[in-house]
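*Asks:* Below is the file data-v1.cif, which contains mmCIF, C-alpha atoms.
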data_final
loop_
_atom_site.label_atom_id
_atom_site.label_comp_id
_atom_site.auth_asym_id
_atom_site.auth_seq_id
_atom_site.Cartn_x
_atom_site.Cartn_y
_atom_site.Cartn_z
CA MET A 1 105.74 96.57 95.30
CA ILE A 2 108.68 96.25 97.69
CA GLY A 3 110.69 93.15 96.72
CA ARG A 4 113.81 93.50 98.86
CA LEU A 5 115.04 95.46 101.86
CA SER A 6 118.64 96.19 102.75
CA GLY A 7 119.38 98.15 105.86
CA VAL A 8 120.19 98.11 109.53
CA LEU A 9 118.26 95.83 111.88
CA VAL A 10 116.95 98.19 114.55
CA ASP A 11 114.79 95.84 116.61
CA LYS A 12 113.80 92.19 116.48
CA ASN A 13 111.05 90.34 118.32
CA PRO A 14 109.77 86.91 117.32
CA LEU A 15 107.97 87.29 113.99
CA HIS A 16 108.44 91.09 113.83
CA LEU A 17 111.41 93.26 112.83
CA LEU A 18 112.15 96.93 112.38
CA VAL A 19 114.62 97.60 109.56
CA ASP A 20 116.06 101.08 108.98
CA CYS A 21 116.64 101.73 105.27
CA ASN A 22 118.28 105.15 104.90
CA GLY A 23 116.18 106.75 107.63
CA VAL A 24 112.90 104.98 106.88
CA GLY A 25 111.91 102.24 109.34
CA TYR A 26 110.06 99.29 107.84
CA GLU A 27 108.07 96.93 110.04
CA VAL A 28 108.49 93.42 108.64
CA SER A 29 106.87 90.14 109.71
CA VAL A 30 109.14 87.11 109.31
CA PRO A 31 108.84 83.35 109.91
CA MET A 32 110.87 81.86 112.76
CA SER A 33 113.19 80.17 110.23
CA THR A 34 114.32 83.64 109.10
CA PHE A 35 114.24 85.07 112.64
CA TYR A 36 116.72 82.47 113.95
CA ASN A 37 119.27 83.44 111.28
CA LEU A 38 119.18 87.19 111.92
CA PRO A 39 122.22 89.11 113.14
CA ALA A 40 122.19 91.22 116.30
CA PRO A 41 120.42 94.60 116.25
CA GLY A 42 122.62 97.31 114.75
CA GLU A 43 123.99 95.06 112.00
CA ASN A 44 123.17 95.17 108.28
CA ILE A 45 120.64 92.73 106.84
CA THR A 46 119.03 92.00 103.50
CA LEU A 47 115.59 90.43 103.24
CA LEU A 48 113.52 89.36 100.27
CA THR A 49 110.02 90.67 100.81
CA HIS A 50 106.41 90.23 99.82
CA MET A 51 104.02 93.15 100.25
CA VAL A 52 100.31 92.69 100.86
CA VAL A 53 98.06 95.71 100.33
CA ARG A 54 94.65 95.49 101.95
CA GLU A 55 91.91 98.04 102.40
CA ASP A 56 92.93 98.61 106.02
CA ALA A 57 96.69 97.90 105.98
CA GLN A 58 99.89 97.56 103.98
CA LEU A 59 101.85 94.60 105.31
CA LEU A 60 105.43 93.60 104.58
CA TYR A 61 106.69 90.02 104.99
CA GLY A 62 110.41 89.24 104.92
CA PHE A 63 112.33 86.05 104.11
CA GLY A 64 115.92 84.92 104.32
CA SER A 65 115.77 82.91 101.08
CA ALA A 66 114.01 82.96 97.72
CA GLN A 67 112.66 79.46 98.43
CA GLU A 68 110.86 80.65 101.55
CA ARG A 69 109.35 83.62 99.72
CA GLU A 70 108.15 81.46 96.82
CA LEU A 71 106.61 78.94 99.20
CA PHE A 72 104.89 81.78 101.09
CA ARG A 73 103.44 83.01 97.79
CA GLU A 74 102.19 79.52 96.91
CA LEU A 75 100.65 79.10 100.37
CA ILE A 76 98.68 82.35 100.34
CA LYS A 77 97.12 81.38 96.99
CA ILE A 78 95.38 78.46 98.72
CA SER A 79 91.81 79.09 99.84
CA GLY A 80 91.62 79.44 103.61
CA VAL A 81 95.36 80.07 104.05
CA GLY A 82 96.24 83.65 104.83
CA ALA A 83 99.56 85.31 105.48
CA ARG A 84 99.49 84.53 109.21
CA THR A 85 98.89 80.82 108.56
CA ALA A 86 101.60 80.79 105.88
CA LEU A 87 104.08 82.30 108.36
CA SER A 88 103.06 79.69 110.91
CA ILE A 89 103.73 76.91 108.38
CA LEU A 90 107.14 78.35 107.48
CA SER A 91 107.92 78.72 111.18
CA GLY A 92 106.91 75.12 111.86
CA MET A 93 108.87 73.34 109.13
CA SER A 94 111.55 74.01 106.56
CA VAL A 95 110.83 74.28 102.85
CA ALA A 96 112.46 70.88 102.25
CA ASP A 97 110.45 69.25 105.07
CA LEU A 98 107.20 70.64 103.68
CA ALA A 99 108.10 69.45 100.18
CA GLN A 100 108.77 65.98 101.57
CA ALA A 101 105.49 65.95 103.51
CA VAL A 102 103.64 66.94 100.34
CA SER A 103 105.40 64.35 98.17
CA LEU A 104 104.68 61.62 100.75
CA GLN A 105 101.15 62.99 101.40
CA GLU A 106 101.72 63.07 105.17
CA VAL A 107 98.93 65.16 106.65
CA GLY A 108 100.07 64.26 110.18
CA ARG A 109 103.26 66.29 109.80
CA LEU A 110 101.23 69.34 108.81
CA THR A 111 98.66 69.04 111.59
CA ARG A 112 101.48 69.30 114.17
CA ILE A 113 101.83 72.97 113.19
CA PRO A 114 99.70 75.25 115.40
CA GLY A 115 96.66 76.50 113.48
CA ILE A 116 96.65 73.67 110.91
CA GLY A 117 93.81 71.21 111.32
CA LYS A 118 93.16 68.05 109.36
CA LYS A 119 90.99 69.77 106.72
CA THR A 120 93.52 72.55 106.11
CA GLY A 121 96.36 70.02 106.06
CA GLU A 122 94.58 67.91 103.45
CA ARG A 123 93.87 71.02 101.36
CA LEU A 124 97.54 71.99 101.55
CA LEU A 125 98.63 68.54 100.38
CA LEU A 126 96.18 68.64 97.49
CA GLU A 127 96.97 72.19 96.37
CA LEU A 128 100.77 71.95 96.73
CA LYS A 129 101.16 68.56 95.06
CA GLY A 130 103.37 69.00 92.01
CA LYS A 131 104.18 72.63 92.85
CA LEU A 132 107.08 71.97 95.23
CA GLY A 133 110.40 70.38 94.50
CA ALA A 134 111.71 72.06 91.37
CA ASP A 135 113.54 74.84 93.21
CA LEU A 136 114.60 72.90 96.27
CA GLY A 137 117.92 71.67 94.97
CA PRO A 138 119.31 68.22 94.12
CA GLY A 139 117.99 66.55 97.29
CA ALA A 140 114.36 67.08 96.30
CA VAL A 141 114.41 64.50 93.51
CA ALA A 142 116.04 61.92 95.78
CA GLN A 143 113.34 62.53 98.41
CA ASN A 144 110.64 61.86 95.80
CA ASP A 145 112.40 58.69 94.61
CA ASN A 146 112.72 57.41 98.17
CA ALA A 147 109.08 57.91 99.16
CA ASP A 148 108.33 54.23 98.45
CA VAL A 149 111.33 53.20 100.56
CA LEU A 150 110.10 55.29 103.48
CA ASN A 151 106.56 53.91 103.15
CA ALA A 152 107.96 50.36 103.18
CA LEU A 153 109.93 51.08 106.36
CA LEU A 154 106.84 52.57 108.02
CA ALA A 155 104.86 49.46 107.03
CA LEU A 156 107.56 47.32 108.66
CA GLY A 157 106.96 49.14 111.94
CA TYR A 158 109.79 51.67 112.02
CA SER A 159 108.99 55.16 113.28
CA GLU A 160 108.88 58.10 110.89
CA LYS A 161 112.04 59.53 112.45
CA GLU A 162 113.95 56.25 112.04
CA GLY A 163 112.66 55.88 108.48
CA LEU A 164 113.68 59.40 107.47
CA LEU A 165 117.19 58.93 108.88
CA ALA A 166 117.56 55.59 107.10
CA VAL A 167 116.30 56.97 103.77
CA LYS A 168 119.05 59.60 103.90
CA GLN A 169 121.59 56.74 103.79
CA VAL A 170 120.18 55.38 100.52
CA PRO A 171 122.44 56.15 97.53
CA ALA A 172 120.85 58.41 94.90
CA GLY A 173 119.33 56.60 91.95
CA SER A 174 118.76 53.32 93.83
CA SER A 175 115.77 51.19 92.91
CA VAL A 176 113.09 50.72 95.54
CA SER A 177 114.26 47.21 96.46
CA ASP A 178 117.91 48.33 96.69
CA GLY A 179 116.82 51.38 98.65
CA ILE A 180 114.96 49.23 101.17
CA ARG A 181 118.00 46.97 101.50
CA HIS A 182 120.34 49.95 102.13
CA ALA A 183 117.90 51.52 104.59
CA LEU A 184 117.52 48.27 106.55
CA LYS A 185 121.33 47.93 106.75
CA ALA A 186 121.53 51.49 108.06
CA LEU A 187 118.85 50.76 110.66
CA SER A 188 120.57 47.55 111.79
CA LYS A 189 123.83 49.47 112.40
CA ALA A 190 122.06 52.17 114.44
#
Can you dump the structure from the file as structure tokens?
*Replies:*
Amino acid sequence: MIGRLSGVLVDKNPLHLLVDCNGVGYEVSVPMSTFYNLPAPGENITLLTHMVVREDAQLLYGFGSAQERELFRELIKISGVGARTALSILSGMSVADLAQAVSLQEVGRLTRIPGIGKKTGERLLLELKGKLGADLGPGAVAQNDNADVLNALLALGYSEKEGLLAVKQVPAGSSVSDGIRHALKALSKA
């Protein structure tokens, strides 16, 4: 199993790279989130990888962070979600955004990703519930705590975008009622 590649980026096209590692060129598929952070061709790069061996192919997928690779591995475990769909999901939203969508059970955010219908989105929410968040850093707990605040703002008629921006203004550890109060103050100033 190939777990990491370090070498020279020879060529890059959206979703596909060619990395030269001491004279051996590896073709690697990457999500757009990784692609956007790549250096120019000819420069050194390091990618965490996941290798898939099938009867007809050996495929290598590369990621810029351990979080992305772990999420990819969780996604491909889900029935009906293959590597291509997992790359599409990682290209369509960040790890933190997906964790928030799962914690808030927002299927609408998932169905905006090309190739994800309502059934697949609902399956993703069900299968990923409780599996995301631990490795996402200190902000993940705050996002879970503020889910009720966001739902209250949505019920009051604010858009999802406005609600998410306001929830970011809520101090960590606030109760739901205090969180709503802080969020409404932030929205009134905007």
*Asks:* Could you work out how far atom CA of A:Val10 lies from atom CA of A:Gly23, giving the answer in Å with one decimal?
*Replies:*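 Between atom CA of A:Gly23 and atom CA of A:Val10 the gap works out to 11.0 Å.
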*Asks:* Atom CA of A:Val167 to atom CA of A:Leu71: how many Å, to one decimal?
*Replies:*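 Between these atoms lies a distance of 24.4 Å.
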*Asks:* Residues near stretch 119-132 of chain A, anyone? I mean within 7 Å using only C-alpha atoms, not counting same-chain ones fewer than 2 positions away, as a ChimeraX atom specification.
*Replies:* /A:78,99,102-103,105,107,110-111,116-117,134
*Asks:* Hey, which of A:Gly115, A:Gly157, A:Gly64, A:Gly108 ends up closest to A:Gly82? Count all atoms listed in the file.
*Replies:* A:Gly115
*Asks:* Kindly resolve the PyMOL selection byres ((chain A and resi 35-52) around 9) on the present coordinates and return the residues as a PDB file with C-alpha atoms, in the coordinates of the input.
*Replies:*
ATOM      1  CA  MET A   1     105.740  96.570  95.300  1.00  0.00           C
ATOM      2  CA  ILE A   2     108.680  96.250  97.690  1.00  0.00           C
ATOM      3  CA  GLY A   3     110.690  93.150  96.720  1.00  0.00           C
ATOM      4  CA  ARG A   4     113.810  93.500  98.860  1.00  0.00           C
ATOM      5  CA  LEU A   5     115.040  95.460 101.860  1.00  0.00           C
ATOM      6  CA  SER A   6     118.640  96.190 102.750  1.00  0.00           C
ATOM      7  CA  GLY A   7     119.380  98.150 105.860  1.00  0.00           C
ATOM      8  CA  VAL A   8     120.190  98.110 109.530  1.00  0.00           C
ATOM      9  CA  LEU A   9     118.260  95.830 111.880  1.00  0.00           C
ATOM     10  CA  VAL A  10     116.950  98.190 114.550  1.00  0.00           C
ATOM     11  CA  ASP A  11     114.790  95.840 116.610  1.00  0.00           C
ATOM     12  CA  LYS A  12     113.800  92.190 116.480  1.00  0.00           C
ATOM     13  CA  ASN A  13     111.050  90.340 118.320  1.00  0.00           C
ATOM     14  CA  PRO A  14     109.770  86.910 117.320  1.00  0.00           C
ATOM     15  CA  LEU A  15     107.970  87.290 113.990  1.00  0.00           C
ATOM     16  CA  HIS A  16     108.440  91.090 113.830  1.00  0.00           C
ATOM     17  CA  LEU A  17     111.410  93.260 112.830  1.00  0.00           C
ATOM     18  CA  VAL A  19     114.620  97.600 109.560  1.00  0.00           C
ATOM     19  CA  VAL A  28     108.490  93.420 108.640  1.00  0.00           C
ATOM     20  CA  VAL A  30     109.140  87.110 109.310  1.00  0.00           C
ATOM     21  CA  PRO A  31     108.840  83.350 109.910  1.00  0.00           C
ATOM     22  CA  MET A  32     110.870  81.860 112.760  1.00  0.00           C
ATOM     23  CA  SER A  33     113.190  80.170 110.230  1.00  0.00           C
ATOM     24  CA  THR A  34     114.320  83.640 109.100  1.00  0.00           C
ATOM     25  CA  VAL A  53      98.060  95.710 100.330  1.00  0.00           C
ATOM     26  CA  ARG A  54      94.650  95.490 101.950  1.00  0.00           C
ATOM     27  CA  ALA A  57      96.690  97.900 105.980  1.00  0.00           C
ATOM     28  CA  GLN A  58      99.890  97.560 103.980  1.00  0.00           C
ATOM     29  CA  LEU A  59     101.850  94.600 105.310  1.00  0.00           C
ATOM     30  CA  LEU A  60     105.430  93.600 104.580  1.00  0.00           C
ATOM     31  CA  TYR A  61     106.690  90.020 104.990  1.00  0.00           C
ATOM     32  CA  GLY A  62     110.410  89.240 104.920  1.00  0.00           C
ATOM     33  CA  PHE A  63     112.330  86.050 104.110  1.00  0.00           C
ATOM     34  CA  GLY A  64     115.920  84.920 104.320  1.00  0.00           C
ATOM     35  CA  SER A  65     115.770  82.910 101.080  1.00  0.00           C
ATOM     36  CA  ALA A  66     114.010  82.960  97.720  1.00  0.00           C
ATOM     37  CA  ARG A  69     109.350  83.620  99.720  1.00  0.00           C
ATOM     38  CA  PHE A  72     104.890  81.780 101.090  1.00  0.00           C
ATOM     39  CA  ARG A  73     103.440  83.010  97.790  1.00  0.00           C
ATOM     40  CA  ALA A  83      99.560  85.310 105.480  1.00  0.00           C
TER      41      ALA A  83
END
*Asks:* Given the point (117.5, 49.4, 104.4) in the file's coordinates, find the residues that have an atom at most 9 Å from it, counting all atoms listed in the file, and give them as a ChimeraX atom specification.
*Replies:* /A:149,153,166-167,169-170,177-188
*Asks:* For a cutoff of 10 Å around the file-coordinate point (105.3, 57.1, 105.0), which residues qualify once you count only C-alpha atoms? I'd like the result as a PyMOL selection string.
*Replies:* chain A and resi 101+103-106+147-155+158-160+163-164
*Asks:* Put those residues in a file: C-alpha atoms, as a PDB file, keeping the file's coordinate frame.
*Replies:*
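Printed below is part.pdb as written:
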ATOM      1  CA  ALA A 101     105.490  65.950 103.510  1.00  0.00           C
ATOM      2  CA  SER A 103     105.400  64.350  98.170  1.00  0.00           C
ATOM      3  CA  LEU A 104     104.680  61.620 100.750  1.00  0.00           C
ATOM      4  CA  GLN A 105     101.150  62.990 101.400  1.00  0.00           C
ATOM      5  CA  GLU A 106     101.720  63.070 105.170  1.00  0.00           C
ATOM      6  CA  ALA A 147     109.080  57.910  99.160  1.00  0.00           C
ATOM      7  CA  ASP A 148     108.330  54.230  98.450  1.00  0.00           C
ATOM      8  CA  VAL A 149     111.330  53.200 100.560  1.00  0.00           C
ATOM      9  CA  LEU A 150     110.100  55.290 103.480  1.00  0.00           C
ATOM     10  CA  ASN A 151     106.560  53.910 103.150  1.00  0.00           C
ATOM     11  CA  ALA A 152     107.960  50.360 103.180  1.00  0.00           C
ATOM     12  CA  LEU A 153     109.930  51.080 106.360  1.00  0.00           C
ATOM     13  CA  LEU A 154     106.840  52.570 108.020  1.00  0.00           C
ATOM     14  CA  ALA A 155     104.860  49.460 107.030  1.00  0.00           C
ATOM     15  CA  TYR A 158     109.790  51.670 112.020  1.00  0.00           C
ATOM     16  CA  SER A 159     108.990  55.160 113.280  1.00  0.00           C
ATOM     17  CA  GLU A 160     108.880  58.100 110.890  1.00  0.00           C
ATOM     18  CA  GLY A 163     112.660  55.880 108.480  1.00  0.00           C
ATOM     19  CA  LEU A 164     113.680  59.400 107.470  1.00  0.00           C
TER      20      LEU A 164
END
*Asks:* Provide the atom CA of A:Ser174 to atom CA of A:Gln100 distance in Å, to one decimal place.
*Replies:*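 Pair atom CA of A:Ser174 / atom CA of A:Gln100 returns 17.9 Å.
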*Asks:* For A:Ser88, work out the shell of residues within 8 Å, counting only C-alpha atoms and skipping chain neighbours fewer than 2 positions away, then give it as a list in words.
*Replies:*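 Here the qualifying residues turn out to be Pro31, Arg84, Thr85, Ala86, Leu90, Ser91, Gly92, Ile113, Pro114 and Gly115 of chain A.
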*Asks:* With N, CA and C atoms as the target, complete stretch 62-75 of chain A and hand it back as a short mmCIF file (atom, residue, chain, number, x, y, z; two decimals), in the coordinates of the input.
*Replies:*
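Full text of rebuild-v1.cif as output:
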data_model
loop_
_atom_site.label_atom_id
_atom_site.label_comp_id
_atom_site.auth_asym_id
_atom_site.auth_seq_id
_atom_site.Cartn_x
_atom_site.Cartn_y
_atom_site.Cartn_z
N GLY A 62 109.02 89.40 105.32
CA GLY A 62 110.41 89.24 104.92
C GLY A 62 110.87 87.80 105.04
N PHE A 63 111.84 87.43 104.17
CA PHE A 63 112.33 86.05 104.11
C PHE A 63 113.83 86.05 103.88
N GLY A 64 114.48 85.05 104.45
CA GLY A 64 115.92 84.92 104.32
C GLY A 64 116.35 84.26 103.02
N SER A 65 115.41 83.58 102.33
CA SER A 65 115.77 82.91 101.08
C SER A 65 114.64 83.05 100.06
N ALA A 66 115.00 82.90 98.80
CA ALA A 66 114.01 82.96 97.72
C ALA A 66 113.04 81.78 97.82
N GLN A 67 113.53 80.63 98.29
CA GLN A 67 112.66 79.46 98.43
C GLN A 67 111.53 79.72 99.41
N GLU A 68 111.88 80.34 100.55
CA GLU A 68 110.86 80.65 101.55
C GLU A 68 109.82 81.61 100.98
N ARG A 69 110.29 82.64 100.27
CA ARG A 69 109.35 83.62 99.72
C ARG A 69 108.43 82.97 98.69
N GLU A 70 108.98 82.13 97.83
CA GLU A 70 108.15 81.46 96.82
C GLU A 70 107.13 80.53 97.46
N LEU A 71 107.55 79.82 98.50
CA LEU A 71 106.61 78.94 99.20
C LEU A 71 105.52 79.76 99.87
N PHE A 72 105.88 80.88 100.49
CA PHE A 72 104.89 81.78 101.09
C PHE A 72 103.86 82.21 100.04
N ARG A 73 104.34 82.58 98.86
CA ARG A 73 103.44 83.01 97.79
C ARG A 73 102.52 81.89 97.34
N GLU A 74 103.03 80.67 97.28
CA GLU A 74 102.19 79.52 96.91
C GLU A 74 101.15 79.26 98.00
N LEU A 75 101.56 79.38 99.26
CA LEU A 75 100.65 79.10 100.37
C LEU A 75 99.48 80.08 100.42
#
